[in-house]
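Comments concern the structure below.
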Amino acid sequence: MSDPVAAAWQQLASLPRPRLSELFADPERLARLSSRLDLPGGAIRFDWSKTHLDAAHIAGFEALAEAVGFKKARGAMFAGEPINVTEGRAVEHTAQRGIGRDSTVEEANALHARMAGLVAAIHGGALGEVRHLIHIGIGGSALGPALALDALTRDGAVVDVQVVANIDGCALEAAFAKCDPATTLVAVASKTFTTTETMTNAMSALAWLKENGVEDPYGRVVALTANPEKAVEWGVDETRVLPFTESVGGRYSLWSSIGFPVALALGMDEFAELLDGAAAMDRHFLQAEGAANLPLRAAFADLTYARLRGCQTRAVFAYDERLRLFPSYLQQLEMESNGKAVKADGHPVDGATAPITWGGVGTDAQHAVFQLLHQGTHVVPVDFIACIAAGDELSAEHHRNLLANCFAQGAALMAGKAAEDPARAYPGDRPSATILCEELNAATLGALIAFHEHRTFANAVLMEINAFDQFGVELGKEIAKSIGTAGAQFDASTSALLAEAGLA
Ligand code: F6P
């Protein structure tokens, strides 16, 4: 066969499939597939030993990485080459963390300094007393700040932040109920500054401020955007516009001025720690080779399940209440990046692409969905994420039990259990990976997110797809906009629904 990529996939597909219990006969397995990485916020263990990766699969995927030009693609991303080919853009979220093309790193540093200046001014009282921030954004302009704030502000914050995404007015009303208009700022977070949900919510927030006695509502707005001209045109004073660079994608934008609410709530130092943790993971991803590269190794396992074994979903369970939003953050990162059916060159893909990412928080999920994981007909590769240091100050019993349950689930999925009664038997041989952090802090969270960004990118490179566009979200938006306009035509079902709801 002349196509080396097709040959690598064919070789992978032909490999024997030993059970996990057989793989553990190798005494070196744990050392080879469970690695501890020292990071600024404390070490993180990445244990991929309970997946079906064996020496043959690793060699096969390393050959695939070579065939698709993984090293070149990785270098091109960090060098700021326009690897987002469909949009002709560079992909430079790592430069926000100091790792990337010099000119972009310099620009990011300058923009962060501008953000630090505004944060310091607000903390210093330049905008009067500020106790609340309503952060309005959607998708990548909301999920990162929401995750970071939920994970890191449990002990309280300088400013209370409400993140509002949905155009459903109930979301904004819920935020209003928690805020005092006299001490509230509004952050309008939108890369494009045109997103319908965000701009509609922003207008309603201004109206709410006005109705509640704020004389100059625009004076209470901070804009976070890659389209600063649009924000100024909309009415935000230039001094309160925090721009970021176009080459930072929406779902990769937490590191840019989109992280403003995190910096305001926790302080600029903690925001810098978030960036440092991510930068340490960037360095690892840039320097480690083959399966020693942890995001790449994770991608090898992801593709083993998605492409070689037909698993249509993957699940992520955070055994840590502070990370309860992590699965929904990953949903956008993975599904919006890699839910594609064509390769970067426009040709159809050669097999399944991103699985459906789903998940929840442990131990809650054990009492709800784990039945299917253990005994259902679908094999779902699972990631467990946990922290050794407790986030709570209650009796140690809570955290001991939390971790014991996390580890027990991985062990049970793999071992299974024979029983005479088929209803009580567990097939076992079900894969899982465990990410175990020493503790959860801003740096650890940064590293965790960056690990998943690079894992998603590595998956895309191995599948030869462009992870950085998202044209699939456009058609529905266009149709929604056309509703109510003259001449708009719909199918019979949609027309009837529109008529019944009074939208025709
Ligand atoms: O609809 C998808 C999307 O473009 C996401 O990729 C993005 O994070 C989100 O909408 C919000 O876009 P913006 O930041 O431009 O408002």
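Labels for the structure tokens follow display order: chains A, B, ..., residues from 1 in each chain, ligands from 1.
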Requested in this report: Kindly work out which residues sit at most 10 Å from ligand 1, using only C-alpha atoms and all ligand atoms, and give the list as a VMD selection string.
Outcome: chain A and resid 136 to 144 165 188 to 199 224 to 227 249 to 253 258 332 to 333 336 to 337 468 to 474 476 to 477
**Report entry** 12 Å contact set for Glu321 of chain A, only C-alpha atoms, chain neighbours under 2 positions out, as a list in words
**Finding:** Leu147, Asp150, Ala151, Leu152, Arg154, Phe317, Ala318, Tyr319, Leu323, Arg324, Leu325, Phe326, Pro327, Gly360, Val361, Gly362, Thr363, Asp364, Ala365, Ile385, Ala386, Cys387, Ala390, Gly391, Asp392, His398, His399, Leu402 and Leu440 of chain A
Query raised in the report: What are the DSSP alpha helix (DSSP H) residues of segment 181-350 of chain A, as a PyMOL selection string?
Result: chain A and resi 196-211+228-234+260-266+268-287+294-303+326-330+337-338
Report task. Excluding Ala126 of chain A and residues on its chain fewer than 4 positions from it, collect all residues at most 12 Å away from it, counting only C-alpha atoms, and give them as a VMD selection string. Result -> chain A and resid 117 to 122 130 219 to 220 239 to 240
Per residue of segment 247-337 of chain A within 10 Å of segment 96-100 of chain A, note the shortest atom pair and the distance in Å to one decimal, counting only C-alpha atoms, and order the rows by chain and increasing residue number, as JSON lines.
{"residue": "A:Val248", "atom": "CA", "partner": "A:Gln96", "partner_atom": "CA", "distance": 8.4}
{"residue": "A:Tyr252", "atom": "CA", "partner": "A:Gln96", "partner_atom": "CA", "distance": 10.0}
{"residue": "A:Ser253", "atom": "CA", "partner": "A:Gln96", "partner_atom": "CA", "distance": 8.9}
{"residue": "A:Leu254", "atom": "CA", "partner": "A:Gln96", "partner_atom": "CA", "distance": 9.4}
{"residue": "A:Trp255", "atom": "CA", "partner": "A:Gln96", "partner_atom": "CA", "distance": 5.9}
{"residue": "A:Ser256", "atom": "CA", "partner": "A:Gln96", "partner_atom": "CA", "distance": 6.2}
{"residue": "A:Ser257", "atom": "CA", "partner": "A:Gln96", "partner_atom": "CA", "distance": 9.6}
{"residue": "A:Ala272", "atom": "CA", "partner": "A:Arg97", "partner_atom": "CA", "distance": 8.6}
{"residue": "A:Glu273", "atom": "CA", "partner": "A:Arg97", "partner_atom": "CA", "distance": 9.9}
{"residue": "A:Leu274", "atom": "CA", "partner": "A:Arg97", "partner_atom": "CA", "distance": 8.8}
{"residue": "A:Leu275", "atom": "CA", "partner": "A:Arg97", "partner_atom": "CA", "distance": 5.0}
{"residue": "A:Asp276", "atom": "CA", "partner": "A:Arg97", "partner_atom": "CA", "distance": 6.6}
{"residue": "A:Gly277", "atom": "CA", "partner": "A:Arg97", "partner_atom": "CA", "distance": 8.8}
{"residue": "A:Ala278", "atom": "CA", "partner": "A:Arg97", "partner_atom": "CA", "distance": 6.8}
{"residue": "A:Ala279", "atom": "CA", "partner": "A:Arg97", "partner_atom": "CA", "distance": 5.4}
{"residue": "A:Ala280", "atom": "CA", "partner": "A:Arg97", "partner_atom": "CA", "distance": 9.1}
{"residue": "A:Asp282", "atom": "CA", "partner": "A:Ile99", "partner_atom": "CA", "distance": 7.0}
{"residue": "A:Arg283", "atom": "CA", "partner": "A:Ile99", "partner_atom": "CA", "distance": 7.6}
{"residue": "A:Leu286", "atom": "CA", "partner": "A:Ile99", "partner_atom": "CA", "distance": 9.5}
List every residue of segment 322-386 of chain A that has an atom at most 12 Å from any atom of segment 293-302 of chain A, and for each one report the closest atom pair and its distance in Å to one decimal, counting only C-alpha atoms, with rows sorted by chain and then by increasing residue number, as JSON lines.
{"residue": "A:Glu334", "atom": "CA", "partner": "A:Asp302", "partner_atom": "CA", "distance": 11.4}
{"residue": "A:Ala352", "atom": "CA", "partner": "A:Asp302", "partner_atom": "CA", "distance": 11.2}
{"residue": "A:Thr353", "atom": "CA", "partner": "A:Asp302", "partner_atom": "CA", "distance": 10.0}
{"residue": "A:Ala354", "atom": "CA", "partner": "A:Asp302", "partner_atom": "CA", "distance": 8.8}
{"residue": "A:Pro355", "atom": "CA", "partner": "A:Asp302", "partner_atom": "CA", "distance": 8.6}
{"residue": "A:Ile356", "atom": "CA", "partner": "A:Asp302", "partner_atom": "CA", "distance": 11.5}
{"residue": "A:Thr357", "atom": "CA", "partner": "A:Asp302", "partner_atom": "CA", "distance": 11.2}
{"residue": "A:Val380", "atom": "CA", "partner": "A:Asp302", "partner_atom": "CA", "distance": 10.8}
{"residue": "A:Pro381", "atom": "CA", "partner": "A:Asp302", "partner_atom": "CA", "distance": 8.1}
{"residue": "A:Val382", "atom": "CA", "partner": "A:Asp302", "partner_atom": "CA", "distance": 10.1}
{"residue": "A:Asp383", "atom": "CA", "partner": "A:Ala298", "partner_atom": "CA", "distance": 10.2}
Based on the selection just made, write N, CA and C atoms of those residues as a PDB file, in the first residue's frame.
ATOM      1  N   GLU A 334     -14.003  19.442  22.846  1.00  0.00           N
ATOM      2  CA  GLU A 334     -13.787  18.242  22.028  1.00  0.00           C
ATOM      3  C   GLU A 334     -14.780  18.132  20.880  1.00  0.00           C
ATOM      4  N   ALA A 352     -14.521   7.119  12.131  1.00  0.00           N
ATOM      5  CA  ALA A 352     -15.220   7.952  13.117  1.00  0.00           C
ATOM      6  C   ALA A 352     -14.300   9.063  13.620  1.00  0.00           C
ATOM      7  N   THR A 353     -14.877  10.226  13.931  1.00  0.00           N
ATOM      8  CA  THR A 353     -14.087  11.314  14.538  1.00  0.00           C
ATOM      9  C   THR A 353     -14.481  11.442  16.010  1.00  0.00           C
ATOM     10  N   ALA A 354     -14.609  12.660  16.522  1.00  0.00           N
ATOM     11  CA  ALA A 354     -14.797  12.819  17.972  1.00  0.00           C
ATOM     12  C   ALA A 354     -15.973  12.004  18.484  1.00  0.00           C
ATOM     13  N   PRO A 355     -15.742  11.245  19.555  1.00  0.00           N
ATOM     14  CA  PRO A 355     -16.899  10.622  20.198  1.00  0.00           C
ATOM     15  C   PRO A 355     -17.716  11.691  20.917  1.00  0.00           C
ATOM     16  N   ILE A 356     -18.889  11.324  21.337  1.00  0.00           N
ATOM     17  CA  ILE A 356     -19.722  12.246  22.129  1.00  0.00           C
ATOM     18  C   ILE A 356     -19.141  12.275  23.536  1.00  0.00           C
ATOM     19  N   THR A 357     -18.785  13.457  23.992  1.00  0.00           N
ATOM     20  CA  THR A 357     -18.235  13.596  25.346  1.00  0.00           C
ATOM     21  C   THR A 357     -19.385  13.839  26.309  1.00  0.00           C
ATOM     22  N   VAL A 380     -17.957   2.223  27.093  1.00  0.00           N
ATOM     23  CA  VAL A 380     -17.676   3.664  27.182  1.00  0.00           C
ATOM     24  C   VAL A 380     -16.341   3.860  27.888  1.00  0.00           C
ATOM     25  N   PRO A 381     -15.319   4.322  27.182  1.00  0.00           N
ATOM     26  CA  PRO A 381     -14.080   4.640  27.893  1.00  0.00           C
ATOM     27  C   PRO A 381     -14.322   5.804  28.851  1.00  0.00           C
ATOM     28  N   VAL A 382     -13.820   5.654  30.057  1.00  0.00           N
ATOM     29  CA  VAL A 382     -14.102   6.648  31.105  1.00  0.00           C
ATOM     30  C   VAL A 382     -12.806   7.305  31.556  1.00  0.00           C
ATOM     31  N   ASP A 383     -12.856   8.616  31.784  1.00  0.00           N
ATOM     32  CA  ASP A 383     -11.773   9.311  32.492  1.00  0.00           C
ATOM     33  C   ASP A 383     -12.278   9.659  33.883  1.00  0.00           C
TER      34      ASP A 383
END
Query raised in the report: Looking at A:Met115, A:Val5, A:Ile483, A:Leu373, which one is nearest to Met414 of chain A, with distances taken over only C-alpha atoms?
Result: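 The answer is A:Leu373, which sits nearest to Met414 of chain A.
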Report task. Give me, please, the distance in Å between atom CA of Pro243 of chain A and atom CA of Cys170 of chain A, quoted to one decimal. Result -> 29.1 Å
Query raised in the report: Which one is closest to Ile167 of chain A: A:Thr200, A:Ser2, A:Thr183, A:Ser432? Count only C-alpha atoms.
Result: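 Looking at the shortest contact to Ile167 of chain A, the residue is A:Thr200.
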Query - Contacts of Ile83 of chain A at 12 Å (only C-alpha atoms; same-chain gap of 4+ positions) as an NGL selection string - result: :A and (72-79 or 87-92 or 247 or 344-345 or 457 or 460-461 or 464-469)
**Report entry** Shell of 12 Å around Lys178 of chain A, only C-alpha atoms, local chain residues under 6 positions omitted, as an NGL selection string
**Finding:** :A and (131-134 or 160-163 or 171-172 or 184)
Requested in this report: For segment 415-423 of chain A, work out the shell of residues within 9 Å, counting only C-alpha atoms and skipping chain neighbours fewer than 3 positions away, then give it as a list of chain:residue names.
Outcome: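 What passes the distance filter is A:Leu20, A:Ser21, A:His374, A:Gln375, A:Gly410, A:Ala411, A:Ala412, A:Tyr426, A:Pro427, A:Gly428, A:Asp429, A:Arg430.
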